[in-house]
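upload.cif, holding mmCIF, C-alpha atoms:
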```
data_coords
#
loop_
_atom_site.label_atom_id
_atom_site.label_comp_id
_atom_site.auth_asym_id
_atom_site.auth_seq_id
_atom_site.Cartn_x
_atom_site.Cartn_y
_atom_site.Cartn_z
CA MET D 1 0.00 0.00 0.00
CA ASN D 2 1.57 3.25 -1.23
CA THR D 3 0.38 5.49 1.61
CA LEU D 4 1.28 8.98 2.80
CA ASP D 5 4.20 8.17 5.08
CA GLN D 6 6.20 6.78 2.13
CA HIS D 7 6.33 10.10 0.25
CA PRO D 8 9.08 12.74 0.72
CA SER D 9 8.41 16.44 1.01
CA ALA D 10 8.18 18.44 -2.22
CA ASP D 11 9.57 21.59 -0.59
CA GLY D 12 12.16 23.31 -2.75
CA LEU D 13 12.47 24.70 -6.26
CA TRP D 14 11.13 22.71 -9.21
CA THR D 15 12.88 23.95 -12.35
CA ASP D 16 13.02 23.41 -16.12
CA LEU D 17 9.30 22.79 -16.53
CA GLN D 18 7.06 23.27 -19.55
CA LEU D 19 3.94 25.02 -18.27
CA ALA D 20 0.76 23.60 -19.80
CA PRO D 21 -1.60 26.15 -21.38
CA GLY D 22 -3.97 27.54 -18.76
CA ALA D 23 -2.17 25.83 -15.88
CA ALA D 24 -1.15 29.09 -14.18
CA PRO D 25 -3.45 31.86 -15.43
CA ASP D 26 -1.67 34.56 -13.40
CA VAL D 27 1.73 33.77 -14.94
CA ALA D 28 2.86 35.18 -18.29
CA LEU D 29 5.99 33.49 -19.64
CA PRO D 30 8.03 34.62 -22.64
CA GLU D 31 7.45 32.35 -25.62
CA GLY D 32 9.41 29.14 -25.23
CA ALA D 33 10.52 29.93 -21.67
CA ARG D 34 10.73 27.18 -19.10
CA ALA D 35 8.92 27.55 -15.80
CA ALA D 36 9.76 26.94 -12.15
CA ILE D 37 7.62 26.30 -9.09
CA ALA D 38 8.75 27.03 -5.52
CA VAL D 39 7.16 24.97 -2.75
CA GLU D 40 7.33 25.89 0.94
CA GLN D 41 5.66 23.94 3.72
CA GLY D 42 3.50 22.07 1.25
CA ARG D 43 2.17 25.13 -0.55
CA ILE D 44 3.09 26.92 -3.76
CA ALA D 45 5.17 29.97 -2.86
CA TRP D 46 6.02 31.18 -6.36
CA VAL D 47 5.46 30.30 -10.04
CA GLY D 48 7.29 31.92 -12.93
CA ALA D 49 10.09 31.71 -15.46
CA SER D 50 13.08 29.54 -14.54
CA ARG D 51 15.37 32.46 -15.39
CA ALA D 52 13.57 34.81 -13.02
CA VAL D 53 13.60 32.90 -9.74
CA PRO D 54 13.50 35.28 -6.75
CA ALA D 55 16.67 35.42 -4.67
CA ARG D 56 14.93 33.96 -1.62
CA PHE D 57 14.66 30.60 -3.41
CA THR D 58 18.18 30.35 -4.85
CA ASP D 59 19.44 28.19 -1.98
CA ALA D 60 16.33 25.98 -1.81
CA PRO D 61 16.64 22.28 -2.60
CA ARG D 62 16.45 21.74 -6.38
CA HIS D 63 14.20 19.36 -8.26
CA GLN D 64 15.14 19.14 -11.94
CA GLY D 65 12.12 18.79 -14.24
CA GLY D 66 14.01 17.97 -17.41
CA GLY D 67 11.55 19.83 -19.61
CA ALA D 68 8.50 17.89 -18.43
CA LEU D 69 5.03 19.25 -19.05
CA VAL D 70 3.47 20.41 -15.77
CA THR D 71 -0.23 20.77 -15.02
CA PRO D 72 -2.24 21.28 -11.85
CA GLY D 73 -3.10 18.07 -10.07
CA LEU D 74 -6.12 16.41 -11.65
CA VAL D 75 -9.49 16.49 -9.89
CA ASP D 76 -11.94 13.58 -10.13
CA CYS D 77 -15.13 15.36 -9.14
CA HIS D 78 -17.71 12.53 -9.22
CA THR D 79 -17.00 9.04 -7.86
CA HIS D 80 -18.72 6.32 -5.85
CA LEU D 81 -15.39 4.80 -4.84
CA VAL D 82 -16.38 3.09 -1.58
CA TYR D 83 -18.62 0.06 -1.99
CA GLY D 84 -18.71 -3.69 -1.49
CA GLY D 85 -18.43 -6.29 -4.23
CA GLN D 86 -18.66 -5.68 -7.97
CA ARG D 87 -21.30 -6.06 -10.70
CA ALA D 88 -19.62 -7.66 -13.70
CA ASN D 89 -22.68 -9.90 -14.05
CA GLU D 90 -24.81 -6.86 -14.86
CA PHE D 91 -22.35 -5.85 -17.54
CA ALA D 92 -22.98 -9.24 -19.12
CA MET D 93 -26.75 -8.77 -18.75
CA ARG D 94 -26.59 -5.48 -20.59
CA LEU D 95 -24.62 -7.10 -23.37
CA ALA D 96 -27.42 -9.68 -23.60
CA GLY D 97 -29.95 -6.90 -24.08
CA ALA D 98 -31.22 -5.89 -20.63
CA SER D 99 -31.72 -2.16 -20.03
CA TYR D 100 -30.53 -0.18 -16.99
CA GLU D 101 -34.13 0.08 -15.77
CA GLU D 102 -34.82 -3.63 -16.34
CA ILE D 103 -31.78 -4.60 -14.29
CA ALA D 104 -32.85 -2.26 -11.48
CA LYS D 105 -36.42 -3.61 -11.45
CA ALA D 106 -35.08 -7.19 -11.28
CA GLY D 107 -33.29 -6.43 -7.99
CA GLY D 108 -29.95 -5.58 -9.53
CA GLY D 109 -28.41 -2.19 -9.97
CA ILE D 110 -27.72 0.00 -6.98
CA VAL D 111 -29.57 -2.29 -4.56
CA SER D 112 -27.20 -5.19 -5.28
CA SER D 113 -24.26 -2.99 -4.27
CA VAL D 114 -26.21 -1.98 -1.17
CA ARG D 115 -26.36 -5.61 -0.07
CA ALA D 116 -22.61 -6.10 -0.54
CA THR D 117 -21.77 -2.81 1.16
CA ARG D 118 -23.93 -3.55 4.18
CA GLU D 119 -22.27 -6.94 4.58
CA ALA D 120 -18.76 -5.43 4.69
CA ASP D 121 -17.22 -3.71 7.70
CA GLU D 122 -15.14 -0.55 7.51
CA ASP D 123 -11.82 -2.34 7.24
CA GLN D 124 -13.12 -4.51 4.41
CA LEU D 125 -14.50 -1.49 2.55
CA PHE D 126 -11.19 0.33 3.00
CA ALA D 127 -9.26 -2.68 1.70
CA GLN D 128 -11.49 -2.87 -1.37
CA ALA D 129 -11.43 0.86 -2.11
CA ALA D 130 -7.70 1.42 -1.55
CA PRO D 131 -6.43 -0.28 -4.73
CA ARG D 132 -9.07 1.54 -6.74
CA LEU D 133 -7.89 4.85 -5.31
CA GLU D 134 -4.27 3.95 -6.04
CA GLN D 135 -5.13 3.47 -9.71
CA LEU D 136 -6.66 6.94 -9.88
CA LEU D 137 -3.76 8.52 -8.01
CA ALA D 138 -1.31 6.98 -10.48
CA ASP D 139 -3.16 8.93 -13.18
CA GLY D 140 -2.30 12.24 -11.53
CA VAL D 141 -5.42 12.72 -9.39
CA CYS D 142 -4.79 15.05 -6.44
CA ALA D 143 -8.37 15.70 -5.30
CA ILE D 144 -11.37 13.42 -5.46
CA GLU D 145 -15.01 13.36 -4.49
CA ILE D 146 -16.30 10.17 -2.84
CA LYS D 147 -20.05 9.72 -2.45
CA SER D 148 -21.96 7.51 -0.09
CA GLY D 149 -25.22 6.00 -1.34
CA TYR D 150 -24.64 2.26 -1.07
CA GLY D 151 -25.56 2.07 2.62
CA LEU D 152 -29.01 3.67 2.57
CA SER D 153 -29.26 3.64 6.36
CA LEU D 154 -27.56 5.75 8.99
CA GLU D 155 -25.22 2.97 10.09
CA HIS D 156 -24.04 2.04 6.63
CA GLU D 157 -23.92 5.53 5.11
CA ARG D 158 -21.75 6.51 8.08
CA LYS D 159 -19.51 3.54 7.36
CA GLN D 160 -18.94 4.62 3.75
CA LEU D 161 -18.22 8.23 4.66
CA ARG D 162 -15.82 7.24 7.44
CA VAL D 163 -13.89 5.08 4.98
CA ALA D 164 -13.75 7.98 2.52
CA ARG D 165 -12.20 10.17 5.21
CA ARG D 166 -9.72 7.41 6.10
CA LEU D 167 -8.63 7.11 2.47
CA GLY D 168 -7.85 10.81 2.31
CA GLN D 169 -5.78 10.65 5.47
CA ALA D 170 -3.92 7.47 4.51
CA TYR D 171 -3.02 8.58 0.99
CA GLY D 172 -2.55 12.31 1.46
CA VAL D 173 -5.16 13.18 -1.12
CA THR D 174 -7.88 15.81 -0.85
CA VAL D 175 -11.19 13.96 -0.42
CA ARG D 176 -14.55 15.72 -0.57
CA THR D 177 -17.32 13.57 0.83
CA THR D 178 -20.84 13.75 -0.56
CA PHE D 179 -23.85 12.32 1.24
CA LEU D 180 -25.97 10.49 -1.35
CA GLY D 181 -28.51 8.88 0.94
CA ALA D 182 -31.15 9.57 -1.73
CA HIS D 183 -29.49 7.26 -4.23
CA ALA D 184 -32.05 4.46 -4.31
CA LEU D 185 -34.90 3.15 -2.22
CA PRO D 186 -33.66 0.49 0.22
CA PRO D 187 -35.59 -2.81 0.31
CA GLU D 188 -36.99 -2.18 3.80
CA TYR D 189 -38.69 0.98 2.48
CA ALA D 190 -40.26 -0.64 -0.60
CA GLY D 191 -43.33 1.37 -1.60
CA ARG D 192 -42.56 4.07 1.00
CA SER D 193 -40.23 6.49 -0.72
CA SER D 194 -41.66 9.50 1.14
CA ASP D 195 -40.94 7.85 4.48
CA TYR D 196 -37.39 7.11 3.36
CA ILE D 197 -36.81 10.73 2.33
CA ASP D 198 -38.05 11.73 5.80
CA ALA D 199 -35.34 9.50 7.28
CA VAL D 200 -32.70 10.96 4.96
CA CYS D 201 -33.64 14.53 5.90
CA SER D 202 -34.45 14.25 9.60
CA GLU D 203 -32.13 11.48 10.79
CA MET D 204 -29.26 10.61 8.46
CA MET D 205 -28.19 13.98 7.10
CA PRO D 206 -28.19 15.95 10.39
CA THR D 207 -26.37 13.19 12.27
CA LEU D 208 -23.69 12.65 9.64
CA ALA D 209 -23.18 16.39 9.20
CA ALA D 210 -22.78 16.83 12.96
CA GLU D 211 -20.11 14.11 12.88
CA GLY D 212 -18.15 16.07 10.28
CA LEU D 213 -18.61 13.48 7.56
CA VAL D 214 -20.47 15.51 4.94
CA ASP D 215 -19.07 18.17 2.59
CA ALA D 216 -22.02 18.22 0.16
CA VAL D 217 -25.37 16.52 -0.50
CA ASP D 218 -26.48 14.77 -3.68
CA VAL D 219 -29.70 13.14 -4.96
CA PHE D 220 -30.44 10.78 -7.85
CA CYS D 221 -33.42 12.50 -9.46
CA GLU D 222 -34.87 10.10 -12.03
CA ARG D 223 -37.89 7.92 -12.80
CA ILE D 224 -36.22 4.90 -11.19
CA ALA D 225 -35.03 6.94 -8.20
CA PHE D 226 -36.51 10.08 -6.61
CA SER D 227 -38.99 12.69 -7.80
CA LEU D 228 -38.55 16.43 -8.06
CA GLU D 229 -40.63 16.93 -4.92
CA GLU D 230 -38.53 14.44 -2.95
CA THR D 231 -35.34 16.00 -4.31
CA GLU D 232 -36.40 19.44 -3.16
CA ARG D 233 -37.11 18.12 0.32
CA VAL D 234 -33.52 16.89 0.50
CA PHE D 235 -32.22 20.21 -0.80
CA LYS D 236 -34.20 22.14 1.81
CA ALA D 237 -32.77 19.95 4.57
CA ALA D 238 -29.26 20.51 3.20
CA ARG D 239 -29.80 24.27 3.08
CA ALA D 240 -30.92 24.23 6.73
CA LEU D 241 -27.57 22.62 7.57
CA SER D 242 -25.63 25.03 5.31
CA LEU D 243 -24.49 22.17 3.09
CA PRO D 244 -24.00 22.72 -0.66
CA VAL D 245 -25.93 20.49 -3.04
CA LYS D 246 -25.25 18.57 -6.25
CA LEU D 247 -27.55 16.48 -8.44
CA HIS D 248 -27.56 13.39 -10.62
CA ALA D 249 -29.66 15.18 -13.24
CA GLU D 250 -31.27 14.37 -16.58
CA GLN D 251 -29.33 11.14 -17.17
CA LEU D 252 -32.18 8.99 -18.50
CA SER D 253 -34.88 11.59 -19.07
CA ASP D 254 -35.59 15.30 -18.64
CA MET D 255 -37.01 15.55 -15.12
CA GLY D 256 -36.30 19.26 -14.73
CA GLY D 257 -33.84 18.47 -11.97
CA ALA D 258 -31.09 20.75 -13.23
CA ALA D 259 -33.30 23.83 -13.03
CA LEU D 260 -34.35 22.84 -9.52
CA ALA D 261 -30.74 22.27 -8.45
CA ALA D 262 -29.72 25.62 -9.89
CA ARG D 263 -32.38 27.36 -7.80
CA TYR D 264 -30.57 25.96 -4.76
CA GLY D 265 -27.19 27.16 -6.04
CA ALA D 266 -25.96 23.66 -6.82
CA LEU D 267 -22.22 23.16 -7.22
CA SER D 268 -22.88 20.82 -10.15
CA CYS D 269 -25.40 18.87 -12.16
CA ASP D 270 -23.98 15.56 -13.33
CA HIS D 271 -24.67 13.29 -16.34
CA ILE D 272 -27.14 15.77 -17.99
CA GLU D 273 -27.55 13.85 -21.28
CA HIS D 274 -31.18 15.03 -21.49
CA LEU D 275 -30.58 18.55 -20.21
CA SER D 276 -33.06 21.10 -21.58
CA PRO D 277 -32.40 24.68 -22.74
CA GLU D 278 -34.24 25.84 -19.60
CA GLY D 279 -31.88 23.77 -17.48
CA ILE D 280 -28.85 25.23 -19.23
CA ALA D 281 -30.10 28.77 -18.68
CA ALA D 282 -30.71 28.09 -14.99
CA MET D 283 -27.26 26.54 -14.55
CA ARG D 284 -25.60 29.47 -16.27
CA GLU D 285 -27.40 31.93 -14.01
CA ALA D 286 -26.45 29.98 -10.88
CA GLY D 287 -22.85 29.27 -11.89
CA THR D 288 -23.51 25.54 -11.67
CA VAL D 289 -20.94 23.24 -13.32
CA ALA D 290 -22.05 20.62 -15.84
CA VAL D 291 -20.21 17.38 -15.00
CA LEU D 292 -19.85 15.10 -18.01
CA LEU D 293 -19.51 11.38 -17.32
CA PRO D 294 -18.46 9.64 -20.53
CA GLY D 295 -17.69 6.36 -18.74
CA ALA D 296 -21.35 5.82 -17.88
CA TYR D 297 -22.44 6.96 -21.35
CA TYR D 298 -20.05 4.41 -22.87
CA THR D 299 -20.86 1.54 -20.51
CA LEU D 300 -24.62 1.95 -20.93
CA ARG D 301 -24.14 2.24 -24.71
CA ASP D 302 -26.12 5.45 -24.63
CA THR D 303 -26.74 7.32 -27.87
CA HIS D 304 -28.25 10.54 -26.50
CA LEU D 305 -25.36 12.99 -26.30
CA PRO D 306 -25.22 15.74 -23.69
CA PRO D 307 -25.95 19.15 -25.26
CA ILE D 308 -22.28 20.12 -25.49
CA GLU D 309 -22.67 22.88 -28.07
CA ALA D 310 -25.51 24.50 -26.11
CA LEU D 311 -23.47 24.31 -22.87
CA ARG D 312 -20.51 25.82 -24.70
CA ALA D 313 -22.62 28.58 -26.23
CA GLY D 314 -24.24 29.29 -22.88
CA GLY D 315 -20.92 29.64 -21.09
CA VAL D 316 -21.68 26.82 -18.64
CA PRO D 317 -18.39 25.39 -17.30
CA MET D 318 -17.93 21.71 -18.13
CA ALA D 319 -16.10 19.23 -15.92
CA VAL D 320 -15.18 15.61 -16.73
CA SER D 321 -15.05 12.76 -14.23
CA THR D 322 -14.77 8.98 -14.02
CA ASP D 323 -18.09 8.44 -12.20
CA HIS D 324 -16.29 5.40 -10.82
CA ASN D 325 -18.96 2.99 -9.62
CA PRO D 326 -19.51 -0.77 -9.81
CA GLY D 327 -22.53 -0.75 -12.10
CA THR D 328 -22.30 1.79 -14.88
CA SER D 329 -18.74 3.17 -14.94
CA PRO D 330 -16.06 0.89 -13.47
CA ALA D 331 -13.46 3.35 -14.75
CA LEU D 332 -10.10 3.71 -13.02
CA SER D 333 -8.42 6.23 -15.31
CA LEU D 334 -9.35 9.90 -15.41
CA LEU D 335 -7.14 10.37 -18.46
CA LEU D 336 -9.20 7.77 -20.30
CA MET D 337 -12.27 9.86 -19.50
CA VAL D 338 -10.47 12.88 -20.99
CA ASN D 339 -9.99 10.91 -24.20
CA MET D 340 -13.63 9.75 -24.16
CA ALA D 341 -14.89 13.28 -23.55
CA CYS D 342 -13.03 14.36 -26.67
CA THR D 343 -13.93 11.41 -28.89
CA LEU D 344 -17.51 10.77 -27.73
CA PHE D 345 -18.65 14.25 -26.69
CA ARG D 346 -16.42 16.27 -29.05
CA LEU D 347 -14.79 18.42 -26.40
CA THR D 348 -11.65 20.22 -27.49
CA VAL D 349 -8.41 19.33 -25.75
CA PRO D 350 -8.34 22.60 -23.74
CA GLU D 351 -11.97 22.03 -22.71
CA ALA D 352 -11.27 18.45 -21.61
CA LEU D 353 -8.18 19.40 -19.62
CA ALA D 354 -10.02 22.28 -17.97
CA GLY D 355 -12.69 19.68 -17.22
CA VAL D 356 -10.34 17.69 -14.98
CA THR D 357 -8.62 20.69 -13.40
CA VAL D 358 -10.16 24.14 -12.93
CA ASN D 359 -13.79 23.23 -13.67
CA ALA D 360 -13.64 19.99 -11.70
CA ALA D 361 -12.29 21.89 -8.71
CA ARG D 362 -15.17 24.33 -9.04
CA ALA D 363 -17.64 21.42 -9.06
CA LEU D 364 -16.31 20.42 -5.63
CA GLY D 365 -16.16 23.92 -4.14
CA LEU D 366 -12.34 23.80 -4.29
CA SER D 367 -11.72 26.74 -6.60
CA ASP D 368 -9.61 28.53 -3.99
CA THR D 369 -7.18 25.67 -3.49
CA HIS D 370 -7.14 23.37 -6.54
CA GLY D 371 -7.43 23.36 -10.31
CA VAL D 372 -4.74 25.91 -11.21
CA LEU D 373 -1.18 26.65 -10.12
CA GLY D 374 -0.92 29.77 -8.00
CA VAL D 375 0.75 31.26 -4.96
CA GLY D 376 -0.77 30.13 -1.67
CA ARG D 377 -2.46 27.09 -3.14
CA SER D 378 -1.80 23.53 -2.07
CA ALA D 379 1.24 22.07 -3.83
CA ASP D 380 -0.69 19.72 -6.12
CA PHE D 381 0.83 19.34 -9.58
CA VAL D 382 1.91 16.69 -12.06
CA LEU D 383 5.04 16.33 -14.19
CA TRP D 384 4.15 14.39 -17.34
CA ASP D 385 6.31 12.36 -19.71
CA VAL D 386 4.80 14.03 -22.77
CA ARG D 387 5.88 16.78 -25.14
CA GLU D 388 2.56 18.61 -25.45
CA ALA D 389 -0.71 18.89 -23.58
CA ALA D 390 -2.71 17.27 -26.38
CA GLU D 391 -1.00 13.95 -25.57
CA LEU D 392 -2.89 13.80 -22.28
CA ALA D 393 -6.08 13.44 -24.31
CA TYR D 394 -4.55 11.53 -27.22
CA TRP D 395 -3.17 8.41 -25.52
CA PHE D 396 -5.37 5.82 -23.88
CA GLY D 397 -4.05 2.86 -21.94
CA ARG D 398 -0.87 4.78 -21.14
CA ARG D 399 -0.09 6.39 -17.79
CA PRO D 400 2.38 9.22 -18.49
CA ALA D 401 2.48 10.79 -15.00
CA ARG D 402 6.16 10.69 -14.03
CA ILE D 403 6.01 12.68 -10.77
CA VAL D 404 2.91 13.69 -8.82
CA VAL D 405 3.18 16.30 -6.09
CA ARG D 406 0.13 15.85 -3.89
CA GLN D 407 -0.49 17.94 -0.75
CA GLY D 408 3.18 18.93 -0.82
CA ARG D 409 4.53 15.38 -0.99
CA VAL D 410 6.17 13.58 -3.90
CA SER D 411 4.90 10.40 -5.51
CA PHE D 412 6.57 8.47 -8.35
CA PRO D 413 3.82 6.54 -10.16
CA SER D 414 6.07 5.84 -13.19
CA PRO D 415 9.50 4.18 -13.05
CA PRO D 416 12.54 6.07 -14.35
CA GLY D 417 12.90 6.05 -18.12
CA SER D 418 9.34 4.88 -18.72
CA GLY D 419 8.28 7.87 -20.79
CA GLN D 420 9.41 10.23 -23.52
CA VAL D 421 10.92 13.18 -21.67
CA GLU D 422 14.70 12.88 -21.62
CA GLY D 423 16.86 14.03 -18.78
CA MET D 424 14.22 13.87 -16.08
CA GLN D 425 15.92 13.69 -12.68
CA ARG D 426 14.33 12.97 -9.35
#
```
This entry written out as structure tokens:
Amino acid sequence: MNTLDQHPSADGLWTDLQLAPGAAPDVALPEGARAAIAVEQGRIAWVGASRAVPARFTDAPRHQGGGALVTPGLVDCHTHLVYGGQRANEFAMRLAGASYEEIAKAGGGIVSSVRATREADEDQLFAQAAPRLEQLLADGVCAIEIKSGYGLSLEHERKQLRVARRLGQAYGVTVRTTFLGAHALPPEYAGRSSDYIDAVCSEMMPTLAAEGLVDAVDVFCERIAFSLEETERVFKAARALSLPVKLHAEQLSDMGGAALAARYGALSCDHIEHLSPEGIAAMREAGTVAVLLPGAYYTLRDTHLPPIEALRAGGVPMAVSTDHNPGTSPALSLLLMVNMACTLFRLTVPEALAGVTVNAARALGLSDTHGVLGVGRSADFVLWDVREAAELAYWFGRRPARIVVRQGRVSFPSPPGSGQVEGMQR
């Protein structure tokens, strides 16, 4: 297990770096100039041209970048990383012709993961989630959202959220926890969805928030999940606790959830394949991020594309995420999602890279600390074994992250000499 205590400090001066476009919006480099980043006590103290390093950093320990491309640490802003078991059998069912809704109605889907999650204790859930997290970290992820939603009771939702917090502490990665108690109707509440929403709002959410386990609140608003009225009840309860909201919106149909979420100032609306013009207008007005999840689109063999051009024209920021979950997006590479966002959704390379950095950070309420390189921010950045930023979207199946600086500590996900950049020194 490659945990926090195995990583050295990144403090010092990182030199001879190729700054990716948009990585440090406050820094203007002469054309062709190499960049440097100074790190002090785990935070970025300066960013600029290698030839213009302030005198105060001249005696700092040196880290030679060898011309590597540098970007902010990647942000995976929508995952369901902590759960029990897996659902490869449902993948086979879909290949045989079963729909998402048919699988759910037959007792599969989310409820099958609920059974496996309830049967596992915290240590077992941690042991199952840790290797999944390690895969994402090796891809350059420095901040990640982890939702609950496979417990569907106070005891088991608490268990998921506690494991999410443990993962952040053990691996030195920024984890934002999202309470998704309104993910599906648990078996013991069959036919009583209103009663279950009462439990989510009056018991689960206040207790878990008081225990410091909740950073945001999410709902699955869909025909097979929860109605607009039930969603709004959850949002009102979240507002009473001063918790920001997010929404699984318009994935399978246009429920009007995005417009509702925007009225509550939602951080993001996610999936949004069936998003309406009214929803786009509401999101633009509220500053809500559209989170694109190409892994689920691909796995479900969907053909209804999100309204990318309308989002672009409306100035709605677009993020990209793995949506890692056992049923519809068992994805363990954020860079693969970047490629899919470009090939399936026709994002440009700059849009896709912004989607896993600055816009993804915004979708988690982390705009002040993550997503770009700047003075005072957490030292979270990646040195890549590539010559140009487009390669981060171009390759799939390759992991070009040579050095990842995460929360001011250094990780080496790639062995020496594994990539293209020559002269890289540790």
Neighbouring residues of Ser253 (chain D) were defined as those with any atom within 9 Å, considering all atoms listed in the file; residues of the same chain fewer than 5 positions away were excluded. Please report them as a list in words. Glu222, Arg223, Ile272, Glu273, His274 and Leu275 of chain D
I'd like the residues picked by the PyMOL selection byres ((chain D and resi 77-79) around 7) written out as a VMD selection string, using the chain letters and numbers from the file. chain D and resid 75 to 76 80 to 81 144 to 147 321 to 325 360 363 to 364
Using only C-alpha atoms: which of D:Cys142, D:Leu311, D:Val349, D:Met205 has the shortest distance to Arg176 (chain D):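 Result for the nearest residue to Arg176 (chain D): D:Cys142.
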Write out as an MDAnalysis selection string each polymer residue whose atoms come within 8 Å of region 400-407 of chain D, counting all atoms listed in the file; drop sequence neighbours fewer than 3 positions from it. chainID D and resid 10 42:43 73 138:140 142 172:174 378:386 392 410:416 419
Quick one: residues within 12 Å of Leu252 (chain D), all atoms listed in the file, excluding same-chain residues fewer than 2 positions away - as a PyMOL selection string? chain D and resi 99-101+220-225+248-250+254-257+270-275+296-297+300+302-306
Resulting file, chosen residues, C-alpha atoms, as a PDB file, keeping the file's coordinate frame:
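File produced: part34.pdb:
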```
ATOM      1  CA  SER D  99     -31.720  -2.160 -20.030  1.00  0.00           C
ATOM      2  CA  TYR D 100     -30.530  -0.180 -16.990  1.00  0.00           C
ATOM      3  CA  GLU D 101     -34.130   0.080 -15.770  1.00  0.00           C
ATOM      4  CA  PHE D 220     -30.440  10.780  -7.850  1.00  0.00           C
ATOM      5  CA  CYS D 221     -33.420  12.500  -9.460  1.00  0.00           C
ATOM      6  CA  GLU D 222     -34.870  10.100 -12.030  1.00  0.00           C
ATOM      7  CA  ARG D 223     -37.890   7.920 -12.800  1.00  0.00           C
ATOM      8  CA  ILE D 224     -36.220   4.900 -11.190  1.00  0.00           C
ATOM      9  CA  ALA D 225     -35.030   6.940  -8.200  1.00  0.00           C
ATOM     10  CA  HIS D 248     -27.560  13.390 -10.620  1.00  0.00           C
ATOM     11  CA  ALA D 249     -29.660  15.180 -13.240  1.00  0.00           C
ATOM     12  CA  GLU D 250     -31.270  14.370 -16.580  1.00  0.00           C
ATOM     13  CA  ASP D 254     -35.590  15.300 -18.640  1.00  0.00           C
ATOM     14  CA  MET D 255     -37.010  15.550 -15.120  1.00  0.00           C
ATOM     15  CA  GLY D 256     -36.300  19.260 -14.730  1.00  0.00           C
ATOM     16  CA  GLY D 257     -33.840  18.470 -11.970  1.00  0.00           C
ATOM     17  CA  ASP D 270     -23.980  15.560 -13.330  1.00  0.00           C
ATOM     18  CA  HIS D 271     -24.670  13.290 -16.340  1.00  0.00           C
ATOM     19  CA  ILE D 272     -27.140  15.770 -17.990  1.00  0.00           C
ATOM     20  CA  GLU D 273     -27.550  13.850 -21.280  1.00  0.00           C
ATOM     21  CA  HIS D 274     -31.180  15.030 -21.490  1.00  0.00           C
ATOM     22  CA  LEU D 275     -30.580  18.550 -20.210  1.00  0.00           C
ATOM     23  CA  ALA D 296     -21.350   5.820 -17.880  1.00  0.00           C
ATOM     24  CA  TYR D 297     -22.440   6.960 -21.350  1.00  0.00           C
ATOM     25  CA  LEU D 300     -24.620   1.950 -20.930  1.00  0.00           C
ATOM     26  CA  ASP D 302     -26.120   5.450 -24.630  1.00  0.00           C
ATOM     27  CA  THR D 303     -26.740   7.320 -27.870  1.00  0.00           C
ATOM     28  CA  HIS D 304     -28.250  10.540 -26.500  1.00  0.00           C
ATOM     29  CA  LEU D 305     -25.360  12.990 -26.300  1.00  0.00           C
ATOM     30  CA  PRO D 306     -25.220  15.740 -23.690  1.00  0.00           C
TER      31      PRO D 306
END
```
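Surrounding region 188-201 of chain D within 10 Å are Leu152, Ser153, Leu154, Phe179, Leu180, Gly181, Ala182, Ala184, Leu185, Pro186, Glu203, Met204, Met205, Pro206, Thr207, Ala225, Phe226, Ser227, Glu229, Glu230, Thr231, Arg233, Val234, Phe235, Lys236, Ala237 and Ala238 of chain D, with only C-alpha atoms counted and residues fewer than 2 positions along the same chain left out.
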Give me the result of the PyMOL selection byres ((chain D and resi 108-119) around 8) on this file, residue by residue, as a PyMOL selection string. chain D and resi 83-87+90+100+103-107+120-121+125+150-152+156+183-187+326-327
Pick from D:Gly66, D:Gly48, D:Gly22, D:Gly212: nearest to Arg165 (chain D), with only C-alpha atoms counted?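 Of the candidates, the smallest distance to Arg165 (chain D) is held by D:Gly212.
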Under the rule that all atoms listed in the file are counted, which of D:Pro61, D:Gly355, D:Gly371, D:Gly168 is the nearest residue to Trp14 (chain D)?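 Smallest distance to Trp14 (chain D) is found for D:Pro61.
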Straight-line distance linking CA of Arg51 (chain D) with CA of Arg409 (chain D), stated in Å to one decimal: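 That distance, rounded to one decimal, is 24.8 Å.
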One number please: CA of Ser333 (chain D) to CA of Gly397 (chain D), in Å, one decimal.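 Calculated distance between CA of Ser333 (chain D) and CA of Gly397 (chain D) is 8.6 Å.
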